[in-house]
Amino acid sequence: MVKTDQVRAELRVHAPEGIRAGQTFWLGLQIEHQPHWHTYWQNPGDSGLPTRLQWQLPAGLQAGEMAWPLPKKIPIGTLANYGYEGRLLLTVPVTVGADFRFPDSGPLTLGLQAEWLVCRQECIPQEGRFSLQLSSAAPQKTDAAGFETAQKLSPQALPQLQQGGTWITGGQATLSADAKQISLRVHGLPVGWRGQTLSAFPVTPNVVHNAAVQGKDWTQSWQGAVWSAQIPVSEERGDSPTSMRWVIAAGPESAPKAPAFDIETPVQGTWPALAQTAPAEISPALAKALADNASAAQKPAASSTTALGLTLAVLGALVGGFLLNLMPCVFPVLAIKVMGFAQADTSQAQHRAAGMAYTVGVVLSFMLLGGLMLTLRAAGEQLGWGFQLQSPPVVAGLALLFTLLGLNLAGVFEFGQMLPSSLATLQSRHPTVNAGLSGVLAVAVASPCTAPFMGASLGLAIALPVWQALLVFAAMGVGMALPYLAASWWPGMARALPRPGAWMETFRQAMAFPMFATVIWLLWVLGQQTGIDGASSLLALLLTVAWLVWALGLSGRTRWVLSGVALAALLWLGSSWLPLALRETPAEPLASNTSASQTAPGTLSSANATTWQPWSETTVQAQLAAGRPVFVDFTAAWCVTCQYNKKTTLADARVLADFAERQVVLMRADWTRRDPAITQALTALGRSGVPVYALYAPGRAPVLLSELPSVAEVQTALQGLPAR
C-alpha cells in the first residue's frame, strides 16, 4: 500500500476460480483520492498524464489491457481534463497459461510499478511499488464487490453492424468543410436513453475542443433511434485521425452514469495540414504554451545572426566582465594585485607592462575556457559557464592553490625557500609573467560567477559561430581586466596609495584571510558534491600541505625529518584516501511517494507555500498545466552570487509573502553537479550559466530576472502574473 497526502493506493486481486492453468483472474490498482484531488483517464484532456501500470508477473501469467472506467470531465479555467475522483479501481485481466504451475514452496509473488499524476490546483507526479504474496492457488473473492463495480463502470464495445444497408449498431463521424466541427452519429444505443442528454468522451486525444461546454459549445439531438452531436475541433489540434474512438454515456459530463459504450467511428472528410507537431505525450493546449516559451527562448539566437545582435552581445559581455570585478569571488586575487601599486622599486613602464600582461592573461583564459566549453558542447556534453567547478578534483585543486597562497601571504613560507634558485627568481626577473599568471588565476576563480548583463551574452555566445563566440568571451576578458589595466596606465593611482613601509607587510598578512575564506567556501562546495567524507579528506590534505610547507621553512636536520614525514603522509593521502573520497555521491532522488512527508515536492498548501522544492521539467509542466505559476531558481553551491541572492532577496519576507499570496510554486534547480536536464533548461532560456531566475506562467513565455534581482524587481515580475 502507498499512502500520501493526496491518495491511498493499494493492489487488489480477484480470482473467483482460483489461479489455475487455463483460467483468468483479475488484478487491480485501487486509488482512493482525498477530496478535490483527481487522477487522469487514458485521454487526460488538455493537460495531465494517464496512470501507467507496469506488471512484474511470474512466467505463465500474462496481463491484458487495462479496463478504464467511465471518467468525468473536470474543467480547469479555459481547459478541461478527463479523470477520476473518489474511489477508483483500474483492473487488468490476467491469463493463466496452460503450462503454469503454482510454486510448490513459497508464495506466488505478483508485482506492480505504478505512476500517476494527482492534481487539485497543483499537480504532483507520484509513483509506487506494490506486491502481493499469494500463499495458495485457492479462489480469491474478498474484493469481488469492488471488481464487479469496476466492471459495470467499464464501457462496453458497440460494434459497427449493418444489415441490408441499414445501421444496426455503430456510427460515423463527418468532418465539416472548414474542418472546425465533427458531426457524430451513433446507432443502436439503449432504448431507454432516447430523448436524454448524453455525454461523449473522446478516447482519441488531441483532436476535439475538450473545454467545449455541453449544450452550449457542442450540441446534440435525437432523430428517432439515432443520436447525433456537433462537436468543435480544437484550434490546437495535434492529430489527423482516419477514425476516432468515443465513450458514450447518459447524463452530464460532470457526472455521467453507467453503463457506457465504447465506439470507434471512421472519420469522413479531409483534415487540413497541422500547424505544428506536438510531442506525443503533450496535449495541444499545453503544446501551444510550450511553443510560445520555445519561440521566446529562440529570439536571442535568431537575432544573434545579425550584426546588431553580435554588437549587443559584445557590449553586454564587456559590461558584464567589468561588473565581475565586484563579485566576491574575484576579490582575493585583486587584493594581491593592489599591493603592486605601492612598491617603490617599480617604474611606470613596469606598471604598464604588468597591466598589459594581466589583461592578456585574463583575455586568453576567457577565450580558452570558452573554447573548451564550446568544444565539449559540440561533442555532445551538456555544459555551461562554470562547468569546471562541477568537478570535485578541480574544486579540491583550487582549494589547495588558495591554501598555499594564504599561507604564503601569512608569512608561513616563501616560495624562494622551496624552489630552485632559477625558478625562485623568476618572479623578480619577470614581473610581467607574474602579472599574466595572476590574470589566469583571476579567471579561474571568477568563472563560477555571472554578473549582470553577462548571462544574456553567454547564452548568445553558445548559438553564435565559433569566431563570434570567442569574440564575446574575449570581450568579457577585456571588461574584467579593464579596471586594473586603466589603473596601470594612470600614474595617479600609485600616487594615491600610502608610501611604502611596514603597513605593506601588515596588508599582505591581512590578505591571507580572504584566501582562507575562499578555501572555506570551496570546502563547502566540495561537501555538497561528495559529502562529508570528501570535505574532511580535503581538510586532512590541506593540513598536511600546511605542515609540509612549514617544515620546509625550517633549517638543519629538523627540516628534512619533519618535511619527510609530512611528505610521506601527503603521498599516502593523495594516493589512497583522497581519490575515493572525491568521488561524487549520487544525487539525492526526488522525494518518494511512499509517505505523506515524502510526496510534497510540488505541493503548495498554506503551510508550505514558501517552501522550495526540487526542480524537474516534468513537475514544472504539470504545475503549469494545472494553472499554477512557477518560479525557478537556477543555482549552484559554487556560485557565490547565487548564495548571496539566496540569503538576501529570495529570503526577504516581502518576497516570500508575495509568492505565497499568488500561490507561486517555488523550485530550485541545483547545478552544483553536472546535470544535463538543467543545462538543457538553461539553454532553452538562452542562458549557459547561473544564477538564472525564471518566472513561468501558464500560456506565457517565461520572464527572466537579472542576475542580482532586487526585491522590487521580483515584486514587479509577480504583479505581471494573470489574476487567479
# chains A, B, ... in the order shown; residues from 1 in each chain; ligands from 1

call {"tool": "select_by_dssp", "arguments": {"residues": "segment 5-63 of chain A", "states": "strand (DSSP E)", "output": "ChimeraX atom specification"}}
result
/A:7-14,24-33,39-45,52-56,61-63

call {"tool": "residues_around", "arguments": {"residues": "Ala157 of chain A", "least_positions_apart": "6", "cutoff": "9 Å", "atoms": "only C-alpha atoms", "output": "ChimeraX atom specification"}}
result
/A:260-264

call {"tool": "residues_around", "arguments": {"residues": "Leu79 of chain A", "least_positions_apart": "4", "cutoff": "8 Å", "atoms": "only C-alpha atoms", "output": "tab-separated table (two decimals) with N, CA and C atoms, in the first residue's frame"}}
result
chain	number	residue	atom	x	y	z
A	46	ASP	N	-6.78	18.29	-21.87
A	46	ASP	CA	-5.86	19.38	-22.22
A	46	ASP	C	-4.56	19.35	-21.45
A	47	SER	N	-4.50	18.61	-20.38
A	47	SER	CA	-3.27	18.51	-19.60
A	47	SER	C	-3.33	17.21	-18.82
A	75	PRO	N	-13.40	20.59	-15.54
A	75	PRO	CA	-12.96	21.88	-16.09
A	75	PRO	C	-11.93	22.54	-15.18
A	210	ASN	N	-11.72	20.10	-25.92
A	210	ASN	CA	-12.14	19.43	-24.69
A	210	ASN	C	-12.95	20.33	-23.76
A	211	ALA	N	-12.64	21.63	-23.76
A	211	ALA	CA	-13.31	22.55	-22.83
A	211	ALA	C	-14.67	23.02	-23.34
A	285	ALA	N	-3.17	21.94	-26.17
A	285	ALA	CA	-3.26	23.20	-25.42
A	285	ALA	C	-1.97	23.48	-24.67

call {"tool": "residues_around", "arguments": {"residues": "Val412 of chain A", "least_positions_apart": "5", "cutoff": "12 Å", "atoms": "only C-alpha atoms", "output": "ChimeraX atom specification"}}
result
/A:403-407,417,509,512,545-554

call {"tool": "write_last_selection", "arguments": {"atoms": "N, CA, C and O atoms", "output": "mmCIF file, in the first residue's frame"}}
result
data_model
loop_
_atom_site.group_PDB
_atom_site.id
_atom_site.type_symbol
_atom_site.label_atom_id
_atom_site.label_comp_id
_atom_site.auth_asym_id
_atom_site.auth_seq_id
_atom_site.Cartn_x
_atom_site.Cartn_y
_atom_site.Cartn_z
ATOM 1 N N THR A 403 44.971 27.747 -0.443
ATOM 2 C CA THR A 403 45.609 27.490 0.848
ATOM 3 C C THR A 403 47.086 27.875 0.792
ATOM 4 O O THR A 403 47.617 28.528 1.713
ATOM 5 N N LEU A 404 47.747 27.480 -0.298
ATOM 6 C CA LEU A 404 49.156 27.835 -0.449
ATOM 7 C C LEU A 404 49.334 29.350 -0.551
ATOM 8 O O LEU A 404 50.262 29.920 0.050
ATOM 9 N N LEU A 405 48.460 30.020 -1.302
ATOM 10 C CA LEU A 405 48.556 31.476 -1.403
ATOM 11 C C LEU A 405 48.335 32.131 -0.050
ATOM 12 O O LEU A 405 49.020 33.092 0.322
ATOM 13 N N GLY A 406 47.343 31.625 0.700
ATOM 14 C CA GLY A 406 47.078 32.190 2.022
ATOM 15 C C GLY A 406 48.243 32.001 2.970
ATOM 16 O O GLY A 406 48.625 32.917 3.717
ATOM 17 N N LEU A 407 48.828 30.787 2.966
ATOM 18 C CA LEU A 407 49.978 30.536 3.829
ATOM 19 C C LEU A 407 51.160 31.408 3.440
ATOM 20 O O LEU A 407 51.918 31.898 4.301
ATOM 21 N N GLN A 417 62.116 29.650 -0.681
ATOM 22 C CA GLN A 417 62.716 28.664 0.204
ATOM 23 C C GLN A 417 62.556 27.242 -0.327
ATOM 24 O O GLN A 417 63.283 26.346 0.094
ATOM 25 N N GLN A 509 49.704 40.282 5.102
ATOM 26 C CA GLN A 509 49.218 39.248 6.008
ATOM 27 C C GLN A 509 47.692 39.289 6.134
ATOM 28 O O GLN A 509 47.041 38.244 6.230
ATOM 29 N N ALA A 512 45.731 37.347 3.592
ATOM 30 C CA ALA A 512 45.674 35.886 3.701
ATOM 31 C C ALA A 512 44.282 35.423 4.107
ATOM 32 O O ALA A 512 43.842 34.330 3.721
ATOM 33 N N VAL A 545 49.516 19.594 3.813
ATOM 34 C CA VAL A 545 50.260 20.518 2.961
ATOM 35 C C VAL A 545 50.811 21.684 3.792
ATOM 36 O O VAL A 545 51.968 22.104 3.614
ATOM 37 N N ALA A 546 49.991 22.227 4.694
ATOM 38 C CA ALA A 546 50.454 23.327 5.555
ATOM 39 C C ALA A 546 51.622 22.865 6.424
ATOM 40 O O ALA A 546 52.605 23.610 6.636
ATOM 41 N N TRP A 547 51.515 21.633 6.927
ATOM 42 C CA TRP A 547 52.605 21.060 7.729
ATOM 43 C C TRP A 547 53.880 20.966 6.882
ATOM 44 O O TRP A 547 54.965 21.328 7.331
ATOM 45 N N LEU A 548 53.749 20.516 5.645
ATOM 46 C CA LEU A 548 54.910 20.328 4.778
ATOM 47 C C LEU A 548 55.590 21.660 4.459
ATOM 48 O O LEU A 548 56.831 21.774 4.574
ATOM 49 N N VAL A 549 54.818 22.673 4.053
ATOM 50 C CA VAL A 549 55.456 23.935 3.677
ATOM 51 C C VAL A 549 56.044 24.632 4.901
ATOM 52 O O VAL A 549 57.062 25.340 4.796
ATOM 53 N N TRP A 550 55.435 24.419 6.079
ATOM 54 C CA TRP A 550 56.031 24.979 7.305
ATOM 55 C C TRP A 550 57.353 24.289 7.602
ATOM 56 O O TRP A 550 58.349 24.936 7.941
ATOM 57 N N ALA A 551 57.377 22.956 7.454
ATOM 58 C CA ALA A 551 58.604 22.207 7.749
ATOM 59 C C ALA A 551 59.715 22.580 6.785
ATOM 60 O O ALA A 551 60.900 22.644 7.166
ATOM 61 N N LEU A 552 59.374 22.839 5.525
ATOM 62 C CA LEU A 552 60.395 23.208 4.547
ATOM 63 C C LEU A 552 61.011 24.566 4.856
ATOM 64 O O LEU A 552 62.092 24.889 4.346
ATOM 65 N N GLY A 553 60.347 25.358 5.664
ATOM 66 C CA GLY A 553 60.898 26.655 6.048
ATOM 67 C C GLY A 553 61.847 26.577 7.217
ATOM 68 O O GLY A 553 62.467 27.595 7.584
ATOM 69 N N LEU A 554 61.984 25.394 7.846
ATOM 70 C CA LEU A 554 62.909 25.224 8.960
ATOM 71 C C LEU A 554 64.334 25.039 8.427
ATOM 72 O O LEU A 554 64.568 25.056 7.219
#

call {"tool": "atom_distance", "arguments": {"atom1": "atom CA of Gly22 of chain A", "atom2": "atom CA of Gly97 of chain A"}}
result
5.7 Å

call {"tool": "residues_around", "arguments": {"residues": "segment 435-441 of chain A", "least_positions_apart": "6", "cutoff": "6 Å", "atoms": "only C-alpha atoms", "output": "list in words"}}
result
Ala354, Ala357, Tyr358, Gly361, Val362 and Ser365 of chain A

call {"tool": "residues_around", "arguments": {"residues": "segment 14-21 of chain A", "least_positions_apart": "2", "cutoff": "6 Å", "atoms": "only C-alpha atoms", "output": "list of chain:residue names"}}
result
A:Gln23, A:Phe25, A:Trp26, A:Val96, A:Gly97, A:Ala98, A:Phe100, A:Ala137, A:Ala138, A:Pro139, A:Gln140, A:Lys141

call {"tool": "atom_distance", "arguments": {"atom1": "atom CA of Val247 of chain A", "atom2": "atom CA of Lys180 of chain A"}}
result
21.0 Å

call {"tool": "atom_distance", "arguments": {"atom1": "atom CA of Trp222 of chain A", "atom2": "atom CA of Ile168 of chain A"}}
result
15.8 Å

call {"tool": "closest_residue", "arguments": {"among": "A:Thr51, A:Thr197, A:Gln268, A:Ser176", "to": "Pro256 of chain A", "atoms": "only C-alpha atoms"}}
result
A:Thr197
